[in-house]
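Step one of this worksheet: look at the structure below.
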Protein chains: 2
Amino acid sequence: MPSILEESGYSADRKLKIVGTNPVKHDGADKVTGRARFGADLILPGMLHGKILRSPHPHAMLKSIDTSKAEALPGVKAVVTRDDFPKLPLGSPGGDMNRNCMAREKVFYDGHAVAAVAATEEAIALRALKLIRVEYKVLPHVLDPVEAMAPGAPILHKHIKGEDGKPTNVVQRLDLAMGDADKAFAKADLIIEREFSSQPMHQSYIEPQACVASSGDDGSIDLWCCTQGIHVYRDRLAVMLQMDSSKIRVTQSELGGGFGGKTNMYSEPVAIVLSRKARQPVKIVLSRNEVFRATGPVSGTHSKIRMGVTKAGKIVAAEAELYFQCGAFSGAMMDNAPKAMFTRYDLKDVKTLSFEVASNRPKVNAFRAPCVPQVVFGVEAIVDEMARKLKMDPIDFRLKNAAEEGNTPIYGVTFGPIGFVETLKAAKKCAHYKTPKKRGQGRGVAAGFWFNRGGDTTASLTVAPDGSVNIILGTSDVAGSRISIAMMAAEELGIPLDKVRANMADTTTTGNNRVTAGSRTTFSSGMVVIDSARQAIAELIRRAAEIWDVAESAIVFEDGHCRPSSSNVGDFEPLSIADITRRTSVSHGAVAGHSEMHVTGEGSGFGVHIVDVDVDRKTGRVDVKRYTVAQDAGKAIHPQQVEGQYQGAAVQGVGWALNEAYVYGDDGVLQNPSVLDYRVPVASDVPMIETVIVEVPNPNHPYGLRGVGEVPVTPTLGAIGNAIGDAIGIRPRSLPMSPPVLLNLIEGGS
Amino acid sequence: MPSILEESGYSADRKLKIVGTNPVKHDGADKVTGRARFGADLILPGMLHGKILRSPHPHAMLKSIDTSKAEALPGVKAVVTRDDFPKLPLGSPGGDMNRNCMAREKVFYDGHAVAAVAATEEAIALRALKLIRVEYKVLPHVLDPVEAMAPGAPILHKHIKGEDGKPTNVVQRLDLAMGDADKAFAKADLIIEREFSSQPMHQSYIEPQACVASSGDDGSIDLWCCTQGIHVYRDRLAVMLQMDSSKIRVTQSELGGGFGGKTNMYSEPVAIVLSRKARQPVKIVLSRNEVFRATGPVSGTHSKIRMGVTKAGKIVAAEAELYFQCGAFSGAMMDNAPKAMFTRYDLKDVKTLSFEVASNRPKVNAFRAPCVPQVVFGVEAIVDEMARKLKMDPIDFRLKNAAEEGNTPIYGVTFGPIGFVETLKAAKKCAHYKTPKKRGQGRGVAAGFWFNRGGDTTASLTVAPDGSVNIILGTSDVAGSRISIAMMAAEELGIPLDKVRANMADTTTTGNNRVTAGSRTTFSSGMVVIDSARQAIAELIRRAAEIWDVAESAIVFEDGHCRPSSSNVGDFEPLSIADITRRTSVSHGAVAGHSEMHVTGEGSGFGVHIVDVDVDRKTGRVDVKRYTVAQDAGKAIHPQQVEGQYQGAAVQGVGWALNEAYVYGDDGVLQNPSVLDYRVPVASDVPMIETVIVEVPNPNHPYGLRGVGEVPVTPTLGAIGNAIGDAIGIRPRSLPMSPPVLLNLIEGGS
């Protein structure tokens, strides 16, 4: 059988019955009514409650920890510290992960875990935390990445050395270039260079991290948690705790939002170590305070961007110097930024230099298109400024420079069919863009890009004797992918969607999968499920051939039935899937398909956002009045789900653009670790986000789909910045574009 | 790849490293300390407690049920009755199953469920039960199957008609014969005909049935329960509740004993219906009283058996008339009895007639070798009597008549290599048999047989990137099969057992499996796991070939490593599994194997038991002084586990033989529904059971194994009966052989 990777069977002519419709999500009502089981919803007999003691200092030596009084408190069953984790070298993957979950030599940020307690009741655990005596030697701290690179800055990790052999906070440096940017700038008639900055922002999932760990007598571990990747958690735990992966069973709960923030562990290893020590199950549920202080926001950035354009409106050169804050440990995934930032435009000569810089903040974590929106913010501001100076329509200007099939961006992979031009054209034609902006309002346009991802993915599909179908997915359902994947299976099998149920695996049930991230899941899990369905169909054909006593080649499978391929085969009534499984399940075993793939062929995604804003010139308050997202989905399997991705990303972008920021005091302590003081958008902050789904099929997928989750956040900051610039005539270049910042600009500040 | 079913690769010469050793069970300590999670151990948020109202009458029309007062009780969230189950026709599978779980037109036995309540607390649910008003019209009842066949007996099911067209309690009749028994009896020099009877006995698992059901908003169901077969529960629920199998997810807890008693559902459908109505999860845990009154015991039997033997000691003919009590509904699996009862002996002429008879008792359920020990009891008594009359050693007499390879028993399948002769010889040579019995004691010998089973079975095997292995088994682990199956995988893969973990599936994760029953699991799951491991090895070889850039055929896999097949291939360091998966997991996806099989080739099993007893002639009390089980295991994968099966079955046989019985009053109400009054053996009732493991390999399995769980219960009743007969000179022919019964025999009664 040719692999689905080699021959997807994509055909524009295929008549689809289920793919492209909007059935009700089978898991939807349970999720919104709270009947679904989220991370905190598991209760086990004898379960203890774990609480974590956190550093009040942003940077300090951990001189001693005295847990004796806490251990003596009745109801306390275990107290753990650094001594309960394997001592792995600093700088090794397990060593750094362990230290981020439980401080060893030093604490690196306000909120860094230093000890934990498991007790029969939460209140006892909290009381015990107060009985732990920690002796700190407070060290000078640094929060800003640029300051952290300055000579004499406090150094977080002495083992990391710069080119000069001296300790540095620069944990990674990346030069990435193509062509000859210096020479190309000479061809430009107009060169614009600007500096931009962005603040870290939190993923702001509704559900705080929650887990239950239960260790077995043989050292095995059962972990229930909310996660975007069970196998990644398992394999990282195996490294952190120095044990075999197969002894750790990670089971995922329903997920109350992830957005990248549930790709790394915080309390899970702590719960495990507590459970081992107490020999009872331990639940840890983080508070919102802990979520803000100790789980990953996205990188704050500084960027210096320079672009050159000819009079005719052709961008000829680009250059960027980028600084990414990673918090206490490396992990910002900054390489995405230089790879993606200019990739919407057909450039041959680009030069970038990127730095990842440690500082005394929580370690950053992934968020939709990690590190990309922050730098696209600057690029789209410059592109907008160019269009304005050249007196070109901003969409026409982008069309003139748009990346197309055959272009090779800086990361060296030549584009197949992509839909940027089509998306720009669709944006230009949409109702929003054709409507003149209202008096006093500003309108901004920006474009966005994401690679999309594939990678290791698994699924199994089994047919019950009654012909109904279960799918088990190794990849987490973060945003409702189950329905889309079930739809593809039902389409392949030619049966009603109602007969197909998609379920999530635990780590024992399927081979390893990458995290659900990078807009890979509907694409990749779709591939393995289609592959599995086709295997099942092959088996159904074998059985039909046996029932009819004809050759397999004399049978076709269509519309959910095995049929004779021609009237010469014989006069047979078509056999439905259920007809075959009812007759053969007991005699032939189960009908099933299984697929383990390293999925490739993800098609890149492009989007264009249009925003109208009102800016109150007396207060600096921005009101988003109208917002349209146009984006190429390849093929929208479940269009409402696709729209949900477009809309959700736009809303997150509104928050990031206008309000969200971490406020630290001079003491390095976070001052706004609550959703009262850290302002995420609420329903009244945004209009209904309008959507335009463009469909330029990805030929590598049987249904042509592309990932859609990351692209729509990438243009948000730029689009809103451009709209504000249009409204007030001054273009803000640092985030958040909050009332005090804008008021200052309006009043002539900088 | 040739199927493992076609070519098992069994080789007597294969050197085994892990199979045949006795490693510690990884799940053992958690089970005995209670840290393992059994059926009652799941707790869900918002979970309600379900309680069932049961009939106090053995037979009555259900005229009306008034639940209004119960519904009005604060804390009561749902009350269900027959009206909440689909009304399916009497006599249809779903119709009878529904009616056994919740009475519809009539109640059929004391303890039959008539209504159920779900409430926020157990105490409230119990109080609510008392508020339900049920109007019964009490009917005459019948308990004994022979009485139930008599003219004028109360009829349970009017829709079941006899050959005369009149309603009957005979729910099934089976004539099974071979050769010409009538003619063959003429060749006999000695014909013995006797009547025997046995009592129903309960499987007496430690853990009462427990489940949690949670219904989703879309009608889907999550069910956690203790079960011997998740897929069978799922598919039966689908029929009972008239829905798709794929919408029901059955997850198994650890099992605190099953022995066949957890192959059918009682409270599970009730919990589901309650959960649907209450829209909250519902837990039901049966009390021991409910377990006795309403879950299945084994069939009580009456049998008339006639056998003929020549002077030379050759058994030439056999005949049996068998009556099996099935309780309220059919399901005794009585066909096992005529098929198995004479099958230890090489007979050509056998005639049997069997009846399954309904009466006002709980529906019977499976127990080790369903229906077989009860009738082997009689056969082995007659065989013993023959040997005694012919003055032959009882083992020699059996050797003279023993079934051998090439024999075709009554069910028409010709034996392959079997180990009865070897087992008889081993028994004769064992320490116990060679030791003269003590003064005053009686010694009994009996032989037993079970077909062993195969059937639908599935497994998946996945290799983590670090080379450790998870297995997921679709078949329940009832008696510790996980370790044996993990051992076979480790042996195939050539890695330490510690690197392999066997886990149990839920119904979404693998294709369908038969229940764990009939001694099929270690054999069948072993087959699919070995098949899966071999698939994984094939994939490892493919990857090694790619790494070395050589042909796959140039690689051999041995001792857990890919090696060049000869020095001509090249100078390559062997690659371990972990070497390959570490290098390729991210680039090639997961290494895995999956197998769905209708497993065949189970080799039949034979055993010989030797028992010494003391009988107190003043009280009739029997003391089992020494007990040896010799049995062919084909190959003991984990010998201690095999011994555990031999010993456990012998102990259950001791209880059944000597004490266990249901005591009903004239009112048809069970009088001893507690373990105080229903006497199961305790440690002080039995000696250490000695074991002799005979190994005559089953050529259809790569390691030669045969199932071992059923065989060792089949001779128990006969062996103990023969020992008592030897001790007191009078052979008891009805069970239990309890003190009052024996005292009556000793005192000259009948």
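Residues are referred to by chain and number: the chain letter is A, B, ... according to the order shown in the structure tokens, the number counts from 1 in that chain, and ligands are numbered separately from 1 in the order shown.
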Handout entry: Nearby residues (only C-alpha atoms) at most 12 Å from Lys277 in chain B, same-chain spacing under 4 positions excluded, as a PyMOL selection string
Key = chain B and resi 48+71+76-81+83-85+116-119+213-217+219+270-273+281-282
Go ahead and write the selection's residues with N, CA and C atoms as an mmCIF file, in the first residue's frame.
data_model
loop_
_atom_site.group_PDB
_atom_site.id
_atom_site.type_symbol
_atom_site.label_atom_id
_atom_site.label_comp_id
_atom_site.auth_asym_id
_atom_site.auth_seq_id
_atom_site.Cartn_x
_atom_site.Cartn_y
_atom_site.Cartn_z
ATOM 1 N N LEU B 48 -22.882 10.826 42.423
ATOM 2 C CA LEU B 48 -23.977 10.396 43.283
ATOM 3 C C LEU B 48 -23.778 8.929 43.662
ATOM 4 N N GLU B 71 -38.694 10.268 45.039
ATOM 5 C CA GLU B 71 -38.217 11.385 44.214
ATOM 6 C C GLU B 71 -38.276 12.707 44.976
ATOM 7 N N VAL B 76 -32.209 13.303 46.671
ATOM 8 C CA VAL B 76 -32.434 12.290 45.623
ATOM 9 C C VAL B 76 -32.402 12.984 44.265
ATOM 10 N N LYS B 77 -31.578 12.496 43.361
ATOM 11 C CA LYS B 77 -31.418 13.144 42.059
ATOM 12 C C LYS B 77 -32.052 12.342 40.927
ATOM 13 N N ALA B 78 -32.262 11.068 41.152
ATOM 14 C CA ALA B 78 -32.913 10.265 40.112
ATOM 15 C C ALA B 78 -33.435 8.973 40.722
ATOM 16 N N VAL B 79 -34.587 8.557 40.247
ATOM 17 C CA VAL B 79 -35.128 7.235 40.592
ATOM 18 C C VAL B 79 -35.449 6.556 39.270
ATOM 19 N N VAL B 80 -35.012 5.328 39.101
ATOM 20 C CA VAL B 80 -35.307 4.628 37.850
ATOM 21 C C VAL B 80 -35.990 3.297 38.131
ATOM 22 N N THR B 81 -36.778 2.887 37.156
ATOM 23 C CA THR B 81 -37.457 1.592 37.201
ATOM 24 C C THR B 81 -37.375 0.990 35.798
ATOM 25 N N ASP B 83 -39.247 1.375 33.494
ATOM 26 C CA ASP B 83 -39.651 2.331 32.463
ATOM 27 C C ASP B 83 -38.472 3.118 31.902
ATOM 28 N N ASP B 84 -37.343 3.067 32.579
ATOM 29 C CA ASP B 84 -36.178 3.818 32.108
ATOM 30 C C ASP B 84 -35.253 2.982 31.232
ATOM 31 N N PHE B 85 -35.624 1.740 31.012
ATOM 32 C CA PHE B 85 -34.850 0.883 30.103
ATOM 33 C C PHE B 85 -35.640 0.680 28.815
ATOM 34 N N ALA B 116 -34.204 1.760 41.414
ATOM 35 C CA ALA B 116 -32.916 2.227 41.926
ATOM 36 C C ALA B 116 -32.977 3.728 42.119
ATOM 37 N N VAL B 117 -32.149 4.174 43.043
ATOM 38 C CA VAL B 117 -32.122 5.591 43.411
ATOM 39 C C VAL B 117 -30.684 6.091 43.344
ATOM 40 N N ALA B 118 -30.509 7.313 42.851
ATOM 41 C CA ALA B 118 -29.216 7.981 42.961
ATOM 42 C C ALA B 118 -29.406 9.215 43.817
ATOM 43 N N ALA B 119 -28.559 9.333 44.829
ATOM 44 C CA ALA B 119 -28.686 10.467 45.757
ATOM 45 C C ALA B 119 -27.304 10.973 46.123
ATOM 46 N N ALA B 213 -20.703 5.202 36.587
ATOM 47 C CA ALA B 213 -21.158 5.531 35.234
ATOM 48 C C ALA B 213 -21.316 7.035 35.132
ATOM 49 N N SER B 214 -20.906 7.558 33.991
ATOM 50 C CA SER B 214 -21.037 8.991 33.774
ATOM 51 C C SER B 214 -21.518 9.194 32.348
ATOM 52 N N SER B 215 -22.689 9.792 32.220
ATOM 53 C CA SER B 215 -23.226 9.977 30.872
ATOM 54 C C SER B 215 -22.907 11.382 30.402
ATOM 55 N N GLY B 216 -22.590 11.488 29.123
ATOM 56 C CA GLY B 216 -22.284 12.792 28.539
ATOM 57 C C GLY B 216 -23.546 13.442 28.006
ATOM 58 N N ASP B 217 -23.411 14.715 27.724
ATOM 59 C CA ASP B 217 -24.557 15.466 27.234
ATOM 60 C C ASP B 217 -25.035 14.929 25.882
ATOM 61 N N GLY B 219 -25.220 11.846 25.072
ATOM 62 C CA GLY B 219 -25.693 10.477 25.194
ATOM 63 C C GLY B 219 -24.590 9.457 25.323
ATOM 64 N N VAL B 270 -27.766 -0.167 35.411
ATOM 65 C CA VAL B 270 -28.584 0.647 36.320
ATOM 66 C C VAL B 270 -27.876 1.968 36.610
ATOM 67 N N ALA B 271 -26.583 1.898 36.874
ATOM 68 C CA ALA B 271 -25.819 3.123 37.145
ATOM 69 C C ALA B 271 -25.863 4.056 35.938
ATOM 70 N N ILE B 272 -25.798 3.479 34.751
ATOM 71 C CA ILE B 272 -25.835 4.300 33.530
ATOM 72 C C ILE B 272 -27.179 5.011 33.408
ATOM 73 N N VAL B 273 -28.235 4.272 33.598
ATOM 74 C CA VAL B 273 -29.569 4.857 33.447
ATOM 75 C C VAL B 273 -29.800 5.928 34.519
ATOM 76 N N PRO B 281 -22.497 11.859 37.509
ATOM 77 C CA PRO B 281 -21.945 10.492 37.619
ATOM 78 C C PRO B 281 -22.585 9.749 38.785
ATOM 79 N N VAL B 282 -22.704 8.447 38.638
ATOM 80 C CA VAL B 282 -23.333 7.617 39.681
ATOM 81 C C VAL B 282 -22.433 6.419 39.973
#
Practice task
Compile the contact shell of Gln242 in chain B as a ChimeraX atom specification: residues with an atom at most 10 Å away, counting only C-alpha atoms, same-chain residues fewer than 6 positions apart removed.
Solution key: /B:85-88,94,236
Exercise for the section: Output the contact residues of chain A with respect to chain B at a cut-off of 7 Å, based on only C-alpha atoms, as an MDAnalysis selection string. Expected result: chainID A and resid 26 29:30 41:45 216:218 244:247 456:457 462:464 466 468:472 500:501 503 508:512 586:592 596:598
Practice task
Rounded to one decimal place, report the CA of Gly668 in chain A-CA of Cys326 in chain A distance in Å.
Solution key: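 Interatomic distance, CA of Gly668 in chain A to CA of Cys326 in chain A: 15.8 Å.
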Handout entry: Who sits within 8 Å of range 350-353 of chain B, only C-alpha atoms, same chain under 6 positions skipped, as a ChimeraX atom specification
Key = /B:173-181,317-322,338,410
Problem - For Leu129 in chain A: contacts at 7 Å, only C-alpha atoms, fewer than 3 positions along chain excluded, given as a list in words - result: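 Within the cut-off, the hits are Leu53, Ala70, Val117, Ala125, Leu126 and Ile132 of chain A.
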Once you have the residues from the selection above, write them out as a PDB file, in the first residue's frame, restricted to N, CA and C atoms.
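Saved result, selection_7.pdb, follows:
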ATOM      1  N   LEU A  53       5.869  25.945  48.235  1.00  0.00           N
ATOM      2  CA  LEU A  53       6.445  27.164  48.828  1.00  0.00           C
ATOM      3  C   LEU A  53       7.285  27.849  47.755  1.00  0.00           C
ATOM      4  N   ALA A  70       7.528  21.614  59.584  1.00  0.00           N
ATOM      5  CA  ALA A  70       6.424  21.281  58.670  1.00  0.00           C
ATOM      6  C   ALA A  70       6.144  19.786  58.703  1.00  0.00           C
ATOM      7  N   VAL A 117       4.716  20.574  50.063  1.00  0.00           N
ATOM      8  CA  VAL A 117       4.139  19.781  51.143  1.00  0.00           C
ATOM      9  C   VAL A 117       2.936  19.013  50.602  1.00  0.00           C
ATOM     10  N   ALA A 125      -1.728  21.782  54.426  1.00  0.00           N
ATOM     11  CA  ALA A 125      -0.563  21.957  53.553  1.00  0.00           C
ATOM     12  C   ALA A 125      -0.132  23.425  53.539  1.00  0.00           C
ATOM     13  N   LEU A 126      -1.096  24.320  53.491  1.00  0.00           N
ATOM     14  CA  LEU A 126      -0.760  25.748  53.478  1.00  0.00           C
ATOM     15  C   LEU A 126      -0.133  26.172  54.809  1.00  0.00           C
ATOM     16  N   ILE A 132       8.051  26.120  57.080  1.00  0.00           N
ATOM     17  CA  ILE A 132       9.348  25.804  56.438  1.00  0.00           C
ATOM     18  C   ILE A 132      10.234  27.042  56.525  1.00  0.00           C
TER      19      ILE A 132
END
Practice task
Write out as number ranges by chain all residues of range 413-609 of chain A that DSSP puts in alpha helix (DSSP H) for this structure's backbone.
Solution key: A: 420-429, 431-434, 481-493, 521-548, 577-588
Practice task
Find the residues around Asn700 in chain B up to 12 Å (only C-alpha atoms counted), leave out those fewer than 3 positions away in its own chain, and share them as number ranges by chain.
Solution key: B: 3-11, 416-418, 454, 523-524, 526-527, 599-604, 634-635, 696-697, 703-706
Please save N, CA and C atoms of the selected residues as a PDB file, in the first residue's frame.
ATOM      1  N   SER B   3       1.715 -15.177   9.174  1.00  0.00           N
ATOM      2  CA  SER B   3       1.019 -14.942  10.435  1.00  0.00           C
ATOM      3  C   SER B   3       1.548 -15.895  11.490  1.00  0.00           C
ATOM      4  N   ILE B   4       1.562 -15.375  12.705  1.00  0.00           N
ATOM      5  CA  ILE B   4       1.969 -16.202  13.836  1.00  0.00           C
ATOM      6  C   ILE B   4       1.018 -17.385  14.010  1.00  0.00           C
ATOM      7  N   LEU B   5      -0.201 -17.240  13.471  1.00  0.00           N
ATOM      8  CA  LEU B   5      -1.158 -18.345  13.577  1.00  0.00           C
ATOM      9  C   LEU B   5      -0.764 -19.480  12.649  1.00  0.00           C
ATOM     10  N   GLU B   6      -0.107 -19.122  11.536  1.00  0.00           N
ATOM     11  CA  GLU B   6       0.278 -20.163  10.590  1.00  0.00           C
ATOM     12  C   GLU B   6       1.618 -20.790  10.964  1.00  0.00           C
ATOM     13  N   GLU B   7       2.447 -20.008  11.592  1.00  0.00           N
ATOM     14  CA  GLU B   7       3.814 -20.462  11.845  1.00  0.00           C
ATOM     15  C   GLU B   7       4.274 -19.877  13.168  1.00  0.00           C
ATOM     16  N   SER B   8       4.038 -20.602  14.225  1.00  0.00           N
ATOM     17  CA  SER B   8       4.284 -20.028  15.551  1.00  0.00           C
ATOM     18  C   SER B   8       5.763 -19.910  15.834  1.00  0.00           C
ATOM     19  N   GLY B   9       6.570 -20.720  15.155  1.00  0.00           N
ATOM     20  CA  GLY B   9       7.993 -20.692  15.454  1.00  0.00           C
ATOM     21  C   GLY B   9       8.326 -21.407  16.752  1.00  0.00           C
ATOM     22  N   TYR B  10       7.446 -22.309  17.199  1.00  0.00           N
ATOM     23  CA  TYR B  10       7.785 -23.045  18.415  1.00  0.00           C
ATOM     24  C   TYR B  10       8.991 -23.928  18.154  1.00  0.00           C
ATOM     25  N   SER B  11       9.927 -23.863  19.066  1.00  0.00           N
ATOM     26  CA  SER B  11      11.103 -24.710  18.933  1.00  0.00           C
ATOM     27  C   SER B  11      11.522 -25.164  20.314  1.00  0.00           C
ATOM     28  N   GLY B 416      -4.314 -32.692  19.173  1.00  0.00           N
ATOM     29  CA  GLY B 416      -2.889 -32.652  18.851  1.00  0.00           C
ATOM     30  C   GLY B 416      -2.137 -33.197  20.049  1.00  0.00           C
ATOM     31  N   PRO B 417      -0.876 -32.795  20.181  1.00  0.00           N
ATOM     32  CA  PRO B 417      -0.111 -33.282  21.334  1.00  0.00           C
ATOM     33  C   PRO B 417      -0.768 -32.818  22.634  1.00  0.00           C
ATOM     34  N   ILE B 418      -1.107 -33.759  23.492  1.00  0.00           N
ATOM     35  CA  ILE B 418      -1.685 -33.427  24.798  1.00  0.00           C
ATOM     36  C   ILE B 418      -0.910 -34.165  25.866  1.00  0.00           C
ATOM     37  N   GLY B 454      -9.300 -19.755  22.812  1.00  0.00           N
ATOM     38  CA  GLY B 454      -8.584 -18.690  22.112  1.00  0.00           C
ATOM     39  C   GLY B 454      -9.561 -17.561  21.863  1.00  0.00           C
ATOM     40  N   PHE B 523      -2.540 -17.290  26.950  1.00  0.00           N
ATOM     41  CA  PHE B 523      -2.309 -17.878  25.632  1.00  0.00           C
ATOM     42  C   PHE B 523      -2.608 -16.877  24.515  1.00  0.00           C
ATOM     43  N   SER B 524      -3.811 -16.332  24.509  1.00  0.00           N
ATOM     44  CA  SER B 524      -4.229 -15.506  23.365  1.00  0.00           C
ATOM     45  C   SER B 524      -3.524 -14.153  23.365  1.00  0.00           C
ATOM     46  N   GLY B 526      -0.791 -13.566  24.777  1.00  0.00           N
ATOM     47  CA  GLY B 526       0.600 -13.883  24.445  1.00  0.00           C
ATOM     48  C   GLY B 526       0.804 -13.912  22.939  1.00  0.00           C
ATOM     49  N   MET B 527      -0.118 -14.526  22.233  1.00  0.00           N
ATOM     50  CA  MET B 527       0.007 -14.613  20.762  1.00  0.00           C
ATOM     51  C   MET B 527       0.035 -13.224  20.128  1.00  0.00           C
ATOM     52  N   VAL B 599      -7.630 -15.810  17.686  1.00  0.00           N
ATOM     53  CA  VAL B 599      -6.564 -16.745  18.042  1.00  0.00           C
ATOM     54  C   VAL B 599      -7.118 -18.170  18.076  1.00  0.00           C
ATOM     55  N   THR B 600      -6.401 -19.045  17.429  1.00  0.00           N
ATOM     56  CA  THR B 600      -6.759 -20.458  17.472  1.00  0.00           C
ATOM     57  C   THR B 600      -5.522 -21.241  17.942  1.00  0.00           C
ATOM     58  N   GLY B 601      -5.660 -22.543  18.067  1.00  0.00           N
ATOM     59  CA  GLY B 601      -4.499 -23.372  18.396  1.00  0.00           C
ATOM     60  C   GLY B 601      -4.277 -23.571  19.883  1.00  0.00           C
ATOM     61  N   GLU B 602      -5.269 -23.186  20.696  1.00  0.00           N
ATOM     62  CA  GLU B 602      -5.135 -23.442  22.129  1.00  0.00           C
ATOM     63  C   GLU B 602      -5.011 -24.948  22.321  1.00  0.00           C
ATOM     64  N   GLY B 603      -4.094 -25.371  23.130  1.00  0.00           N
ATOM     65  CA  GLY B 603      -3.941 -26.804  23.385  1.00  0.00           C
ATOM     66  C   GLY B 603      -4.732 -27.175  24.632  1.00  0.00           C
ATOM     67  N   SER B 604      -5.432 -28.298  24.579  1.00  0.00           N
ATOM     68  CA  SER B 604      -6.260 -28.687  25.725  1.00  0.00           C
ATOM     69  C   SER B 604      -5.401 -29.077  26.913  1.00  0.00           C
ATOM     70  N   GLY B 634       1.766 -27.053  29.377  1.00  0.00           N
ATOM     71  CA  GLY B 634       2.381 -26.784  28.075  1.00  0.00           C
ATOM     72  C   GLY B 634       3.764 -26.200  28.310  1.00  0.00           C
ATOM     73  N   LYS B 635       3.787 -24.957  28.739  1.00  0.00           N
ATOM     74  CA  LYS B 635       5.013 -24.317  29.208  1.00  0.00           C
ATOM     75  C   LYS B 635       4.582 -23.308  30.255  1.00  0.00           C
ATOM     76  N   VAL B 696       4.128 -30.410  28.469  1.00  0.00           N
ATOM     77  CA  VAL B 696       4.061 -31.011  27.133  1.00  0.00           C
ATOM     78  C   VAL B 696       3.697 -29.861  26.196  1.00  0.00           C
ATOM     79  N   PRO B 697       4.657 -29.347  25.441  1.00  0.00           N
ATOM     80  CA  PRO B 697       4.433 -28.087  24.726  1.00  0.00           C
ATOM     81  C   PRO B 697       3.265 -28.142  23.748  1.00  0.00           C
ATOM     82  N   TYR B 703       5.904 -20.329  22.596  1.00  0.00           N
ATOM     83  CA  TYR B 703       6.563 -20.861  23.783  1.00  0.00           C
ATOM     84  C   TYR B 703       5.932 -22.156  24.270  1.00  0.00           C
ATOM     85  N   GLY B 704       4.909 -22.616  23.556  1.00  0.00           N
ATOM     86  CA  GLY B 704       4.329 -23.917  23.897  1.00  0.00           C
ATOM     87  C   GLY B 704       3.282 -23.907  24.986  1.00  0.00           C
ATOM     88  N   LEU B 705       2.785 -22.726  25.348  1.00  0.00           N
ATOM     89  CA  LEU B 705       1.927 -22.717  26.538  1.00  0.00           C
ATOM     90  C   LEU B 705       0.503 -23.181  26.260  1.00  0.00           C
ATOM     91  N   ARG B 706      -0.124 -23.656  27.308  1.00  0.00           N
ATOM     92  CA  ARG B 706      -1.555 -23.964  27.349  1.00  0.00           C
ATOM     93  C   ARG B 706      -2.179 -23.141  28.478  1.00  0.00           C
TER      94      ARG B 706
END
